[in-house]
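Here's the structure we're looking at; comments come further down.
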Amino acid sequence: MARRTVDLDIPREDFSKLSKEELDKKLRNEFPLFFLKMNDAQERFIRVKNIHGKTPKRRLFETGNKVGKTLMCLAEDIAHAIGYRCWLLPEDPDYKIDIKLPNIGMIGCETYKHSVAEKIEPLLRWMVPKSCQPVFKPGPTGVLNVVTLPYDAHGRKLGSKIFIRSYDEDPAAFEGIDFDGFIHWDEPPPEKILKAAERGKVVVNAPSWFSMTPLKEPYLYELFSSRAAIHI
């Protein structure tokens with residue numbers, strides 16, 4: 001298997017005094033997304049293809065707890081914001097993503113107080129490569145509302161944005177922004193919120209995916225799960 005390396009086109013400190021082990025540890029701490037290792041379920045989710053050999057426009061990562069579905073989908077969020085999956089090797093067929101850059105994406109989750117503050121925000125702050133020079137902007141409650149990526153994972157100019165929305169907001173809060181990058185639903189959204197957000201991506205046909213334990217919002221089973229063309 002090819003060795004994973006981090007090749008950043010930005011100025012870095014002099015690592016000459018670090019041992020190989022110290023350098024490896026430092027890079028893994030500062031750029032964890034480059035070293036992400038997928039389990040079988042995560043890899044199937046990332047690599048699934050439709051009958052045309054393309055990544056489906058809508059994907060459902062439906063599993064029980066402790067599989068890493070939220071982490072994997074957040075990695076996919078960042079990948080779509082920058083245009084490539086930096087934890088894969090450049091020669092991997094799934095490394096590059098065919099997407100407009102820069103773009104606007106959205107993560108929808110259950111509550112700001114718990115879902116965003118306790119899970120989504122800490123994971124994003126840990127995962128987004130420092131070379132992106134991310135700007136984490138809080139909303140009125142002090143909880144993360146939007147992440148701006150001025151640069152991609154290799155330090156090249158970008159400008160993508162990832163908005164964070166909560167299901168305890170009015171459905172109207174999910175309208176008004178054309179999400180031309182992606183929509184990621186972390187746990188099943190109420191039907192009115194799903195429809196409001198979907199209207200914002202009709203023109204560009206942006207992809208969307210769900211990381212969820214399918215226990216709430218049974219309408220999703222009838223709408224998507226029961227009609228899925230490919231089951232992994």
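Note on naming: chains are A, B, ... as they come in the structure tokens, residues start from 1 per chain, ligands start from 1 in the order shown.
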
**Request:** Select from stretch 33-178 of chain A everything DSSP, run on the backbone, classes as alpha helix (DSSP H), then give the selection as a PyMOL selection string.
**Result:** chain A and resi 40-47+69-82+121-127

Keeping C-alpha atoms for every residue in the selection just given, could you write it to a file as a PDB file, in the first residue's frame?
ATOM      1  CA  ASP A  40     -15.683  -1.014   5.848  1.00  0.00           C
ATOM      2  CA  ALA A  41     -19.013   0.797   6.268  1.00  0.00           C
ATOM      3  CA  GLN A  42     -17.431   4.220   5.786  1.00  0.00           C
ATOM      4  CA  GLU A  43     -15.559   3.080   2.702  1.00  0.00           C
ATOM      5  CA  ARG A  44     -18.711   1.642   1.129  1.00  0.00           C
ATOM      6  CA  PHE A  45     -20.487   4.937   1.750  1.00  0.00           C
ATOM      7  CA  ILE A  46     -17.705   6.971   0.130  1.00  0.00           C
ATOM      8  CA  ARG A  47     -17.241   4.681  -2.877  1.00  0.00           C
ATOM      9  CA  LYS A  69     -21.192   7.889  10.387  1.00  0.00           C
ATOM     10  CA  THR A  70     -21.134  11.510  11.581  1.00  0.00           C
ATOM     11  CA  LEU A  71     -17.353  11.724  11.407  1.00  0.00           C
ATOM     12  CA  MET A  72     -17.299  10.213   7.919  1.00  0.00           C
ATOM     13  CA  CYS A  73     -20.019  12.522   6.626  1.00  0.00           C
ATOM     14  CA  LEU A  74     -18.252  15.569   8.080  1.00  0.00           C
ATOM     15  CA  ALA A  75     -15.119  14.444   6.243  1.00  0.00           C
ATOM     16  CA  GLU A  76     -17.248  14.247   3.103  1.00  0.00           C
ATOM     17  CA  ASP A  77     -18.540  17.773   3.821  1.00  0.00           C
ATOM     18  CA  ILE A  78     -15.004  19.142   3.938  1.00  0.00           C
ATOM     19  CA  ALA A  79     -14.043  17.158   0.840  1.00  0.00           C
ATOM     20  CA  HIS A  80     -16.905  18.643  -1.162  1.00  0.00           C
ATOM     21  CA  ALA A  81     -16.039  22.122   0.085  1.00  0.00           C
ATOM     22  CA  ILE A  82     -12.436  21.805  -1.171  1.00  0.00           C
ATOM     23  CA  GLU A 121     -18.353  22.016  16.082  1.00  0.00           C
ATOM     24  CA  PRO A 122     -15.629  20.117  17.999  1.00  0.00           C
ATOM     25  CA  LEU A 123     -15.273  17.606  15.156  1.00  0.00           C
ATOM     26  CA  LEU A 124     -15.053  20.325  12.497  1.00  0.00           C
ATOM     27  CA  ARG A 125     -12.474  22.287  14.488  1.00  0.00           C
ATOM     28  CA  TRP A 126     -10.406  19.107  14.793  1.00  0.00           C
ATOM     29  CA  MET A 127     -10.820  17.869  11.224  1.00  0.00           C
TER      30      MET A 127
END

Find the residues of stretch 86-141 of chain A that sit at most 8 Å from stretch 161-172 of chain A; for each, write down the nearest two atoms and how far apart they are in Å, to one decimal. Count only C-alpha atoms. Sort by chain, then by number going up, and give it as a Markdown table.
| residue | atom | partner | partner_atom | distance |
| --- | --- | --- | --- | --- |
| A:Pro102 | CA | A:Lys161 | CA | 7.9 |
| A:Asn103 | CA | A:Lys161 | CA | 6.5 |
| A:Ile104 | CA | A:Lys161 | CA | 4.9 |
| A:Gly105 | CA | A:Ile162 | CA | 4.7 |
| A:Met106 | CA | A:Phe163 | CA | 4.6 |
| A:Ile107 | CA | A:Ile164 | CA | 4.9 |
| A:Gly108 | CA | A:Arg165 | CA | 4.8 |
| A:Cys109 | CA | A:Ser166 | CA | 5.0 |
| A:Glu110 | CA | A:Tyr167 | CA | 4.9 |
| A:Thr111 | CA | A:Ser166 | CA | 5.1 |
| A:Tyr112 | CA | A:Ser166 | CA | 5.8 |
| A:Val116 | CA | A:Ile164 | CA | 8.0 |

**Request:** Write out as a PyMOL selection string all residues of stretch 159-210 of chain A that DSSP puts in strand (DSSP E or B) for this structure's backbone.
**Result:** chain A and resi 159-166+182-186+208-210

**Fill in**
Correct to one decimal, the distance atom CA of A:Asp186-atom CA of A:Thr141 is 20.1 Å

Neighbouring residues of A:Cys132 were defined as those with any atom within 10 Å, considering only C-alpha atoms; residues of the same chain fewer than 3 positions away were excluded. Please report them as a JSON list (two decimals) with C-alpha atoms, in the first residue's frame.
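Below you can see around.json, which holds the result:
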[["chain", "number", "residue", "atom", "x", "y", "z"],
["A", 82, "ILE", "CA", -12.44, 21.80, -1.17],
["A", 128, "VAL", "CA", -10.57, 20.96, 9.01],
["A", 129, "PRO", "CA", -6.89, 21.19, 7.96],
["A", 135, "VAL", "CA", -12.88, 31.02, 9.99],
["A", 148, "THR", "CA", -15.47, 29.73, 5.81],
["A", 149, "LEU", "CA", -12.53, 28.05, 4.06],
["A", 150, "PRO", "CA", -10.38, 30.79, 2.46],
["A", 151, "TYR", "CA", -7.96, 28.10, 1.22],
["A", 152, "ASP", "CA", -8.10, 24.42, 0.38],
["A", 153, "ALA", "CA", -6.18, 21.70, 2.23],
["A", 154, "HIS", "CA", -3.02, 22.48, 0.27],
["A", 155, "GLY", "CA", -3.17, 26.22, 0.85],
["A", 156, "ARG", "CA", -4.61, 27.24, -2.53],
["A", 157, "LYS", "CA", -7.18, 30.04, -2.67],
["A", 158, "LEU", "CA", -10.75, 28.81, -2.27],
["A", 159, "GLY", "CA", -13.59, 30.62, -0.45]]

**Prompt:** At what distance in Å, to one decimal, does atom CA of A:Phe136 lie from atom CA of A:Glu198?
**Reply:**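 Separation of atom CA of A:Glu198 and atom CA of A:Phe136: 24.8 Å.
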